[in-house]
file data_15.tsv (TSV, C-alpha atoms and all ligand atoms)
chain	number	residue	atom	x	y	z
A	633	MET	CA	-17.47	24.76	-3.28
A	634	LYS	CA	-13.87	24.88	-1.99
A	635	TYR	CA	-11.85	21.75	-1.21
A	636	GLY	CA	-8.83	21.66	1.10
A	637	PHE	CA	-6.33	18.77	1.20
A	638	LEU	CA	-4.05	18.26	4.19
A	639	GLY	CA	-1.50	15.90	2.62
A	640	ALA	CA	-0.31	15.70	-0.98
A	641	GLY	CA	0.87	12.09	-1.36
A	642	HIS	CA	-0.22	9.30	-3.70
A	643	LEU	CA	-3.89	9.24	-2.73
A	644	ALA	CA	-4.38	13.01	-2.43
A	645	SER	CA	-2.73	13.50	-5.85
A	646	ALA	CA	-4.95	10.86	-7.49
A	647	VAL	CA	-8.08	12.44	-6.00
A	648	VAL	CA	-7.03	15.97	-6.97
A	649	PHE	CA	-6.41	14.86	-10.57
A	650	GLY	CA	-9.76	13.03	-10.53
A	651	LEU	CA	-11.66	16.09	-9.25
A	652	ILE	CA	-10.12	18.29	-11.93
A	653	LYS	CA	-11.01	15.75	-14.66
A	654	ALA	CA	-14.57	15.79	-13.25
A	655	GLY	CA	-14.75	19.54	-13.84
A	656	VAL	CA	-13.75	21.03	-10.47
A	657	GLN	CA	-11.79	24.24	-11.09
A	658	PRO	CA	-8.17	24.03	-9.84
A	659	ASP	CA	-8.79	27.48	-8.30
A	660	ASP	CA	-11.27	25.85	-5.89
A	661	ILE	CA	-8.75	23.35	-4.48
A	662	PHE	CA	-6.18	24.11	-1.75
A	663	VAL	CA	-3.41	21.84	-0.53
A	664	ASN	CA	-0.92	21.82	2.33
A	665	SER	CA	1.91	19.47	3.31
A	666	PRO	CA	5.50	19.94	4.42
A	667	ALA	CA	7.15	19.10	1.07
A	668	SER	CA	5.00	17.69	-1.78
A	669	ALA	CA	2.10	20.17	-1.74
A	670	ARG	CA	3.93	22.87	-3.67
A	671	SER	CA	4.86	20.53	-6.51
A	672	LEU	CA	1.31	19.13	-6.67
A	673	ALA	CA	0.07	22.74	-6.87
A	674	ASP	CA	2.55	23.48	-9.68
A	675	LYS	CA	1.52	20.37	-11.63
A	676	THR	CA	-2.24	20.89	-11.35
A	677	GLY	CA	-2.84	24.63	-10.95
A	678	ILE	CA	-4.42	24.18	-7.50
A	679	HIS	CA	-3.34	26.52	-4.68
A	680	TYR	CA	-0.82	25.88	-1.94
A	681	ALA	CA	-2.19	27.34	1.32
A	682	GLU	CA	-1.05	27.55	4.92
A	683	GLU	CA	-2.96	25.11	7.14
A	684	LYS	CA	-5.08	27.69	9.01
A	685	GLN	CA	-6.05	29.50	5.82
A	686	LEU	CA	-6.86	26.19	4.09
A	687	ILE	CA	-9.09	25.07	6.95
A	688	GLY	CA	-10.80	28.47	7.20
A	689	ASP	CA	-11.46	28.81	3.45
A	690	SER	CA	-12.51	25.24	2.57
A	691	ASP	CA	-16.09	23.93	2.64
A	692	LEU	CA	-14.78	20.36	2.68
A	693	ILE	CA	-11.45	19.35	4.23
A	694	VAL	CA	-9.73	16.09	3.32
A	695	LEU	CA	-7.30	14.44	5.73
A	696	ALA	CA	-4.82	12.71	3.40
A	697	PHE	CA	-1.75	12.24	5.59
A	698	LEU	CA	-0.68	9.07	7.43
A	699	PRO	CA	-2.75	7.89	10.42
A	700	GLU	CA	0.20	8.30	12.82
A	701	GLN	CA	0.46	12.00	11.87
A	702	LEU	CA	-3.06	12.89	13.06
A	703	LYS	CA	-2.26	13.85	16.68
A	704	LYS	CA	0.80	15.94	15.78
A	705	ILE	CA	-1.01	17.83	13.01
A	706	ILE	CA	-4.06	18.64	15.12
A	707	GLN	CA	-2.05	19.55	18.23
A	708	HIS	CA	-0.40	22.60	16.73
A	709	LEU	CA	-3.62	24.04	15.26
A	710	PRO	CA	-6.04	26.23	17.28
A	711	ALA	CA	-8.62	24.00	19.02
A	712	ASP	CA	-11.60	25.81	17.47
A	713	CYS	CA	-10.42	25.88	13.85
A	714	PHE	CA	-12.34	22.71	12.91
A	715	GLN	CA	-15.57	24.01	14.50
A	716	ASN	CA	-18.52	22.95	12.26
A	717	LYS	CA	-16.12	21.99	9.48
A	718	LEU	CA	-16.92	19.07	7.17
A	719	ILE	CA	-14.00	16.63	7.28
A	720	ILE	CA	-13.44	13.61	5.06
A	721	SER	CA	-10.76	11.32	6.46
A	722	PHE	CA	-8.77	9.03	4.16
A	723	LEU	CA	-6.69	7.74	7.11
A	724	GLY	CA	-6.56	3.99	6.55
A	725	SER	CA	-6.51	2.65	10.09
A	726	THR	CA	-8.08	5.49	12.08
A	727	SER	CA	-11.58	4.69	13.36
A	728	LEU	CA	-14.54	7.04	13.30
A	729	ASP	CA	-14.45	7.08	17.10
A	730	GLU	CA	-10.78	8.15	17.16
A	731	LEU	CA	-11.51	10.83	14.54
A	732	GLN	CA	-14.48	12.16	16.49
A	733	LYS	CA	-12.44	12.29	19.71
A	734	SER	CA	-9.62	14.15	17.92
A	735	LEU	CA	-12.00	16.57	16.14
A	736	PRO	CA	-15.05	16.82	18.42
A	737	ALA	CA	-16.50	19.99	16.86
A	738	ALA	CA	-16.36	18.81	13.24
A	739	GLU	CA	-18.73	16.85	10.99
A	740	ILE	CA	-16.77	13.73	10.10
A	741	VAL	CA	-16.83	11.07	7.40
A	742	ARG	CA	-14.45	8.13	7.37
A	743	SER	CA	-13.66	6.89	3.88
A	744	LEU	CA	-11.36	4.59	1.93
A	745	PRO	CA	-10.87	5.68	-1.69
A	746	ASN	CA	-8.11	4.27	-3.89
A	747	VAL	CA	-5.67	5.64	-6.44
A	748	ASN	CA	-8.05	4.76	-9.32
A	749	ALA	CA	-9.76	8.02	-8.30
A	750	GLU	CA	-7.53	9.67	-10.88
A	751	PHE	CA	-9.56	7.94	-13.63
A	752	ASP	CA	-13.03	8.24	-12.09
A	753	ARG	CA	-12.72	4.60	-11.01
A	754	SER	CA	-12.36	4.62	-7.21
A	755	LEU	CA	-14.95	2.53	-5.44
A	756	THR	CA	-14.86	4.24	-2.04
A	757	SER	CA	-16.30	2.92	1.22
A	758	ILE	CA	-17.78	5.57	3.51
A	759	ILE	CA	-19.26	5.78	6.98
A	760	PHE	CA	-20.84	8.98	8.28
A	761	GLY	CA	-20.20	10.29	11.79
A	762	SER	CA	-23.23	10.71	14.05
A	763	THR	CA	-23.24	14.52	13.93
A	764	ILE	CA	-23.32	14.95	10.17
A	765	SER	CA	-26.21	16.87	8.58
A	766	GLU	CA	-28.21	15.69	5.55
A	767	LYS	CA	-26.80	18.62	3.54
A	768	SER	CA	-23.22	17.58	4.36
A	769	LYS	CA	-24.01	13.95	3.52
A	770	GLN	CA	-25.07	15.08	0.04
A	771	LEU	CA	-21.84	17.12	-0.41
A	772	VAL	CA	-19.82	14.03	0.51
A	773	LYS	CA	-21.77	11.80	-1.91
A	774	ASP	CA	-21.25	14.39	-4.69
A	775	PHE	CA	-17.52	14.43	-3.88
A	776	PHE	CA	-17.10	10.65	-4.16
A	777	ASN	CA	-19.28	10.43	-7.29
A	778	LYS	CA	-16.79	12.79	-8.97
A	779	ILE	CA	-13.96	10.27	-8.52
A	780	GLY	CA	-15.90	7.04	-9.10
A	781	SER	CA	-18.62	5.57	-6.93
A	782	PHE	CA	-19.12	4.83	-3.23
A	783	VAL	CA	-20.64	2.26	-0.93
A	784	GLU	CA	-21.79	2.88	2.66
A	785	LEU	CA	-20.34	0.12	4.84
A	786	PRO	CA	-20.44	-0.71	8.55
A	787	GLU	CA	-17.07	0.07	10.10
A	788	LYS	CA	-16.40	-3.62	10.90
A	789	ASP	CA	-16.10	-4.23	7.13
A	790	PHE	CA	-13.52	-1.46	6.54
A	791	PRO	CA	-10.40	-3.68	7.03
A	792	ALA	CA	-11.58	-6.22	4.43
A	793	PHE	CA	-12.67	-3.44	2.06
A	794	SER	CA	-9.32	-1.73	2.52
A	795	ALA	CA	-7.40	-4.93	1.76
A	796	ILE	CA	-9.38	-5.57	-1.43
A	797	ALA	CA	-10.31	-2.14	-2.84
A	798	GLY	CA	-7.56	-0.01	-1.22
A	799	SER	CA	-4.59	-2.36	-1.59
A	800	GLY	CA	-6.21	-4.16	-4.53
A	801	PRO	CA	-4.70	-2.00	-7.30
A	802	ALA	CA	-1.27	-3.27	-6.17
A	803	PHE	CA	-2.46	-6.89	-6.22
A	804	VAL	CA	-3.98	-6.48	-9.68
A	805	ALA	CA	-0.70	-4.88	-10.81
A	806	LEU	CA	1.13	-7.93	-9.40
A	807	PHE	CA	-1.08	-10.25	-11.49
A	808	ALA	CA	-0.49	-8.03	-14.55
A	809	GLN	CA	3.25	-8.29	-13.93
A	810	SER	CA	3.02	-12.09	-13.62
A	811	LEU	CA	1.14	-12.35	-16.95
A	812	GLN	CA	3.78	-10.08	-18.52
A	813	LYS	CA	6.61	-12.28	-17.15
A	814	ALA	CA	4.91	-15.41	-18.52
A	815	ALA	CA	4.75	-13.79	-21.98
A	816	ILE	CA	8.42	-12.73	-21.73
A	817	ASN	CA	9.32	-16.32	-20.78
A	818	GLN	CA	7.78	-17.36	-24.12
A	819	GLY	CA	10.10	-14.97	-25.98
A	820	ILE	CA	7.80	-11.94	-26.39
A	821	ASP	CA	9.50	-8.57	-25.88
A	822	PRO	CA	8.71	-6.84	-22.53
A	823	GLU	CA	6.77	-3.91	-24.00
A	824	THR	CA	4.48	-6.09	-26.12
A	825	ALA	CA	4.15	-8.54	-23.21
A	826	LEU	CA	2.91	-5.72	-20.94
A	827	THR	CA	0.40	-4.51	-23.54
A	828	ILE	CA	-0.96	-8.05	-23.94
A	829	SER	CA	-1.27	-8.43	-20.17
A	830	LEU	CA	-2.95	-5.06	-19.52
A	831	LYS	CA	-5.34	-5.19	-22.48
A	832	THR	CA	-6.40	-8.69	-21.44
A	833	LEU	CA	-7.14	-7.51	-17.90
A	834	GLU	CA	-8.96	-4.41	-19.17
A	835	GLY	CA	-11.08	-6.33	-21.70
A	836	SER	CA	-11.93	-9.11	-19.26
A	837	THR	CA	-13.06	-6.68	-16.54
A	838	GLU	CA	-15.11	-4.73	-19.08
A	839	ASN	CA	-16.66	-8.00	-20.29
A	840	LEU	CA	-17.67	-9.00	-16.73
A	841	LEU	CA	-19.03	-5.56	-15.87
A	842	SER	CA	-20.85	-4.67	-19.07
A	843	ARG	CA	-22.51	-8.09	-19.50
A	844	GLN	CA	-23.08	-8.38	-15.73
A	845	LEU	CA	-21.51	-11.84	-15.77
A	846	LEU	CA	-20.39	-13.76	-12.72
A	847	PRO	CA	-16.66	-14.60	-12.85
A	848	ASN	CA	-17.54	-18.29	-13.24
A	849	ASP	CA	-19.67	-17.51	-16.34
A	850	LEU	CA	-16.66	-15.98	-18.08
A	851	ILE	CA	-14.42	-18.85	-16.95
A	852	LYS	CA	-16.90	-21.32	-18.48
A	853	ALA	CA	-17.23	-19.27	-21.67
A	854	VAL	CA	-13.46	-19.33	-22.26
A	855	ALA	CA	-12.44	-22.67	-20.77
A	856	SER	CA	-14.24	-25.23	-22.94
A	857	PRO	CA	-14.02	-28.76	-21.51
A	858	GLY	CA	-10.87	-30.49	-22.71
A	859	GLY	CA	-9.47	-27.25	-24.17
A	860	SER	CA	-6.18	-25.48	-23.47
A	861	THR	CA	-7.67	-22.86	-21.07
A	862	ALA	CA	-9.16	-25.68	-18.98
A	863	ASP	CA	-5.62	-27.07	-18.52
A	864	GLY	CA	-4.50	-23.62	-17.32
A	865	ILE	CA	-7.41	-23.44	-14.84
A	866	VAL	CA	-6.56	-26.92	-13.52
A	867	SER	CA	-2.96	-25.78	-12.99
A	868	PHE	CA	-4.14	-22.67	-11.05
A	869	GLU	CA	-6.42	-24.86	-8.93
A	870	LYS	CA	-3.64	-27.36	-8.19
A	871	ASP	CA	-1.56	-24.44	-6.91
A	872	ASP	CA	-4.52	-23.35	-4.75
A	873	PHE	CA	-4.83	-19.94	-6.43
A	874	ALA	CA	-7.97	-18.90	-4.50
A	875	ASN	CA	-6.22	-19.63	-1.21
A	876	ILE	CA	-3.08	-17.79	-2.29
A	877	VAL	CA	-5.30	-14.72	-2.82
A	878	ASN	CA	-7.18	-15.28	0.44
A	879	ARG	CA	-3.94	-15.57	2.43
A	880	ALA	CA	-2.63	-12.32	0.90
A	881	ILE	CA	-5.87	-10.51	1.84
A	882	LEU	CA	-5.63	-11.88	5.42
A	883	ALA	CA	-1.98	-10.78	5.66
A	884	THR	CA	-3.05	-7.30	4.55
A	885	ILE	CA	-5.95	-7.16	7.03
A	886	ASN	CA	-3.72	-8.40	9.87
A	887	HIS	CA	-0.95	-5.88	9.19
A	888	GLY	CA	0.46	-4.58	12.47
A	889	THR	CA	-1.30	-7.16	14.66
A	890	LYS	CA	1.72	-9.44	15.09
B	901	LIG	N1	-2.49	5.03	-1.20
B	901	LIG	C1	-3.66	4.39	-1.17
B	901	LIG	O1	-4.05	3.71	-2.12
B	901	LIG	C2	-4.58	4.53	0.04
B	901	LIG	C3	-5.81	3.84	0.04
B	901	LIG	C4	-6.68	4.03	1.14
B	901	LIG	C5	-6.32	4.86	2.19
B	901	LIG	N2	-5.10	5.49	2.17
B	901	LIG	C6	-4.76	6.38	3.29
B	901	LIG	O2	-4.54	7.68	2.74
B	901	LIG	C7	-3.57	8.36	3.51
B	901	LIG	C8	-2.48	8.87	2.58
B	901	LIG	O3	-1.89	7.77	1.92
B	901	LIG	P1	-0.84	7.98	0.75
B	901	LIG	O4	-0.63	6.66	0.13
B	901	LIG	O5	-1.25	9.14	-0.08
B	901	LIG	O6	0.46	8.36	1.62
B	901	LIG	P2	1.75	9.16	1.19
B	901	LIG	O7	1.93	9.12	-0.29
B	901	LIG	O8	2.85	8.69	2.08
B	901	LIG	O9	1.40	10.66	1.58
B	901	LIG	C9	1.36	11.10	2.91
B	901	LIG	C10	1.24	12.59	2.87
B	901	LIG	O10	1.16	13.11	4.21
B	901	LIG	C11	1.79	14.36	4.17
B	901	LIG	N3	2.09	14.96	5.46
B	901	LIG	C12	3.05	14.62	6.35
B	901	LIG	N4	3.03	15.48	7.39
B	901	LIG	C13	2.05	16.38	7.13
B	901	LIG	C14	1.56	17.52	7.80
B	901	LIG	N5	2.09	17.94	8.96
B	901	LIG	N6	0.54	18.22	7.23
B	901	LIG	C15	0.00	17.84	6.06
B	901	LIG	N7	0.43	16.77	5.37
B	901	LIG	C16	1.44	16.05	5.90
B	901	LIG	C17	3.04	14.10	3.35
B	901	LIG	O11	3.55	15.34	2.92
B	901	LIG	P3	5.00	15.52	2.22
B	901	LIG	O12	4.96	14.64	1.02
B	901	LIG	O13	4.98	16.96	1.89
B	901	LIG	O14	6.00	15.09	3.24
B	901	LIG	C18	2.45	13.28	2.20
B	901	LIG	O15	2.00	14.13	1.17
B	901	LIG	C19	-3.05	7.38	4.56
B	901	LIG	O16	-3.67	7.68	5.78
B	901	LIG	C20	-3.50	6.02	4.04
B	901	LIG	O17	-3.80	5.15	5.10
B	901	LIG	C21	-4.23	5.35	1.12
call {"tool": "encode", "arguments": {"input": "data_15.tsv", "output": "C-alpha cells"}}
result
Amino acid sequence: MKYGFLGAGHLASAVVFGLIKAGVQPDDIFVNSPASARSLADKTGIHYAEEKQLIGDSDLIVLAFLPEQLKKIIQHLPADCFQNKLIISFLGSTSLDELQKSLPAAEIVRSLPNVNAEFDRSLTSIIFGSTISEKSKQLVKDFFNKIGSFVELPEKDFPAFSAIAGSGPAFVALFAQSLQKAAINQGIDPETALTISLKTLEGSTENLLSRQLLPNDLIKAVASPGGSTADGIVSFEKDDFANIVNRAILATINHGTK
C-alpha cells in the first residue's frame, strides 16, 4: 500500500509520523509541496516525489494543503491523472460536493483528523463520497485506525466537529496554559507549573475514559460539598465557564461568515 501526501504542513506531518509509528514503512509514503516536503522527507525517511509521479504511484492520495489552494493545484495537473484514484481530503472547509466537482473521476472521502494523529490519538470524522467502493472504504478505515479512531458523521455536523476535535487541541492547550499561569501566580516555577498542569489534564482524561465516567461523576468525586474544589467550581460557574467555551466554539464555527 503506497500513500501520497500533497501538502507537508502541520497536519500532514502529524499524520505521517503517526503512520510510521503504526508500522507503515517510510518507503511507502510519498510527499509533495513547494517548500516543506523535502524537509519532512529528510526528517522521516519518506520520499519526496513530483506531483504526477506521486499521484500515479500512490494507492491512496491525501489532500493536505489549504482549501483555497485546491483549484490552483488541480488546474495545472492533467485532467485524467485522478481517474479512479482514492482521495482522502483533509481540507477543512471544502464540502464533499465541491471535492467531487473538482475531482469527478476519483473516489473521494472527506475527513477531519487532528494533530493528535502523531500519537495515535486523532478522532477523525469521515464522510464517504457516493462513488466509493466497499474495498476503498475498508482502506480508508484502516488508514484512520492507524492514527487513532474515526466516526462517520453527516456533513452538516462537520463544522461543529471541526471546532471541537480539529481546533480542540489548541483550546485544551489554552486551558493547560491557564492552569500553568495560575500555578506560576502562586510562586511555582514555570517548568514545574507546566508539568503539574499537563499531568493533571492527562490523568483526568484517562480517569474519565478508562472508568467510563461522565464528566459530572468526576466533578462530584473531587468536589465534596463544602470543600475547596467546590469553591473553585462555584467560581467557574459564576464566570459562566460553560458559556465561555460555547461562545468560543461558535466563533470557530462561524469563522469567515462575518
Ligand atoms: N492543522 C489542523 O489541526 C487541521 C485540522 C483539520 C483540518 N485541517 C486541514 O488540513 C489542511 C492542512 O492544514 P495544516 O494545518 O497542515 O496547514 P499548513 O501547516 O499551513 O500546511 C499547508 C500545506 O500546504 C502546502 N501547499 C501549498 N501549496 C501547495 C501545492 N501547490 N502543492 C502541494 N502542497 C502545497 C504547503 O506547502 P509548503 O509548506 O511547502 O509551502 C503546506 O505544507 C487544511 O486544509 C486544513 O483546513 C487542519
call {"tool": "closest_residue", "arguments": {"input": "data_15.tsv", "among": "A:Arg843, A:Lys704, A:His679, A:His887", "to": "ligand LIG 901 (chain B)", "atoms": "all atoms listed in the file"}}
result
A:Lys704
call {"tool": "residues_near_ligand", "arguments": {"input": "data_15.tsv", "ligand": "ligand LIG 901 (chain B)", "cutoff": "7 Å", "atoms": "only C-alpha atoms and all ligand atoms", "output": "ChimeraX atom specification"}}
result
/A:638-644,664-669,696-699,701,705,722-725,744-747,794,798-799
call {"tool": "atom_distance", "arguments": {"input": "data_15.tsv", "atom1": "CA of Asn848 (chain A)", "atom2": "CA of Asn817 (chain A)"}}
result
28.0 Å
call {"tool": "residues_around", "arguments": {"input": "data_15.tsv", "residues": "Ile719 (chain A)", "least_positions_apart": "3", "cutoff": "8 Å", "atoms": "all atoms listed in the file", "output": "PyMOL selection string"}}
result
chain A and resi 692-695+738-741
call {"tool": "closest_residue", "arguments": {"input": "data_15.tsv", "among": "A:Leu686, A:Leu833, A:Met633, A:Ile706", "to": "Leu735 (chain A)", "atoms": "all atoms listed in the file"}}
result
A:Ile706
call {"tool": "residues_around", "arguments": {"input": "data_15.tsv", "residues": "Ser829 (chain A)", "least_positions_apart": "3", "cutoff": "7 Å", "atoms": "only C-alpha atoms", "output": "list in words"}}
result
Ala808, Leu811, Gln812, Ala825, Leu826, Thr832 and Leu833 of chain A
call {"tool": "residues_around", "arguments": {"input": "data_15.tsv", "residues": "Val656 (chain A)", "least_positions_apart": "6", "cutoff": "10 Å", "atoms": "all atoms listed in the file", "output": "ChimeraX atom specification"}}
result
/A:633-635,648-650,778
call {"tool": "atom_distance", "arguments": {"input": "data_15.tsv", "atom1": "CA of Leu845 (chain A)", "atom2": "CA of Ala805 (chain A)"}}
result
22.5 Å
call {"tool": "residues_near_point", "arguments": {"input": "data_15.tsv", "point": "(-18.1, 14.3, -15.9)", "cutoff": "9 Å", "atoms": "all atoms listed in the file", "output": "list in words"}}
result
Lys653, Ala654, Gly655, Asp752 and Lys778 of chain A
call {"tool": "write_last_selection", "arguments": {"input": "data_15.tsv", "atoms": "C-alpha atoms", "output": "tab-separated table (two decimals), keeping the file's coordinate frame"}}
result
chain	number	residue	atom	x	y	z
A	653	LYS	CA	-11.01	15.75	-14.66
A	654	ALA	CA	-14.57	15.79	-13.25
A	655	GLY	CA	-14.75	19.54	-13.84
A	752	ASP	CA	-13.03	8.24	-12.09
A	778	LYS	CA	-16.79	12.79	-8.97
call {"tool": "closest_residue", "arguments": {"input": "data_15.tsv", "among": "A:Gly677, A:Gly859, A:Gly888, A:Gly780", "to": "Phe751 (chain A)", "atoms": "only C-alpha atoms"}}
result
A:Gly780
call {"tool": "closest_residue", "arguments": {"input": "data_15.tsv", "among": "A:Val804, A:Ala792, A:Leu771, A:Ile820", "to": "Ser757 (chain A)", "atoms": "all atoms listed in the file"}}
result
A:Ala792
call {"tool": "atom_distance", "arguments": {"input": "data_15.tsv", "atom1": "CA of Asn716 (chain A)", "atom2": "CA of Lys684 (chain A)"}}
result
14.6 Å
call {"tool": "residues_around", "arguments": {"input": "data_15.tsv", "residues": "Gln657 (chain A)", "least_positions_apart": "3", "cutoff": "9 Å", "atoms": "only C-alpha atoms", "output": "PDB file with C-alpha atoms, in the frame of the given file"}}
result
ATOM      1  CA  LEU A 651     -11.660  16.090  -9.250  1.00  0.00           C
ATOM      2  CA  ILE A 652     -10.120  18.290 -11.930  1.00  0.00           C
ATOM      3  CA  ASP A 660     -11.270  25.850  -5.890  1.00  0.00           C
ATOM      4  CA  ILE A 661      -8.750  23.350  -4.480  1.00  0.00           C
ATOM      5  CA  GLY A 677      -2.840  24.630 -10.950  1.00  0.00           C
ATOM      6  CA  ILE A 678      -4.420  24.180  -7.500  1.00  0.00           C
TER       7      ILE A 678
END
call {"tool": "closest_residue", "arguments": {"input": "data_15.tsv", "among": "A:Ala711, A:Ala853, A:Leu830, A:Leu728", "to": "Lys788 (chain A)", "atoms": "all atoms listed in the file"}}
result
A:Leu728
call {"tool": "axis_aligned_box", "arguments": {"input": "data_15.tsv", "around": "region 696-714 of chain A", "padding_each_side": "3 Å", "output": "lines of an AutoDock Vina configuration file"}}
result
center_x = -5.8
center_y = 17.1
center_z = 11.2
size_x = 19.1
size_y = 24.3
size_z = 21.6
call {"tool": "decode", "arguments": {"input": "data_15.tsv", "residues": "region 852-863 of chain A", "atoms": "N, CA, C and O atoms", "output": "compact mmCIF listing (two decimals), in the first residue's frame"}}
result
# COMPACT_ATOMS: atom_id res chain seq x y z
N LYS A 852 -18.17 15.43 40.81
CA LYS A 852 -18.74 15.11 42.14
C LYS A 852 -17.73 14.36 43.01
O LYS A 852 -17.67 14.57 44.22
N ALA A 853 -16.94 13.49 42.37
CA ALA A 853 -15.98 12.68 43.14
C ALA A 853 -14.89 13.55 43.76
O ALA A 853 -14.33 13.23 44.79
N VAL A 854 -14.56 14.67 43.08
CA VAL A 854 -13.46 15.52 43.57
C VAL A 854 -13.99 16.67 44.43
O VAL A 854 -13.38 17.05 45.44
N ALA A 855 -15.14 17.21 44.02
CA ALA A 855 -15.66 18.41 44.70
C ALA A 855 -16.65 18.03 45.80
O ALA A 855 -17.87 18.10 45.60
N SER A 856 -16.14 17.60 46.94
CA SER A 856 -17.06 17.25 48.04
C SER A 856 -17.78 18.52 48.50
O SER A 856 -17.16 19.60 48.52
N PRO A 857 -19.05 18.37 48.91
CA PRO A 857 -19.81 19.56 49.34
C PRO A 857 -19.08 20.30 50.46
O PRO A 857 -18.60 19.66 51.40
N GLY A 858 -18.96 21.60 50.32
CA GLY A 858 -18.31 22.40 51.35
C GLY A 858 -16.80 22.40 51.26
O GLY A 858 -16.13 23.10 52.03
N GLY A 859 -16.23 21.61 50.35
CA GLY A 859 -14.77 21.52 50.25
C GLY A 859 -14.17 22.60 49.35
O GLY A 859 -14.89 23.41 48.74
N SER A 860 -12.84 22.59 49.24
CA SER A 860 -12.15 23.66 48.50
C SER A 860 -12.44 23.57 46.99
O SER A 860 -12.62 24.60 46.33
N THR A 861 -12.51 22.34 46.43
CA THR A 861 -12.78 22.22 44.98
C THR A 861 -14.15 22.80 44.65
O THR A 861 -14.33 23.44 43.60
N ALA A 862 -15.12 22.56 45.57
CA ALA A 862 -16.48 23.08 45.34
C ALA A 862 -16.44 24.61 45.21
O ALA A 862 -17.14 25.20 44.37
N ASP A 863 -15.59 25.27 46.02
CA ASP A 863 -15.46 26.74 45.89
C ASP A 863 -14.91 27.11 44.51
O ASP A 863 -15.33 28.09 43.90
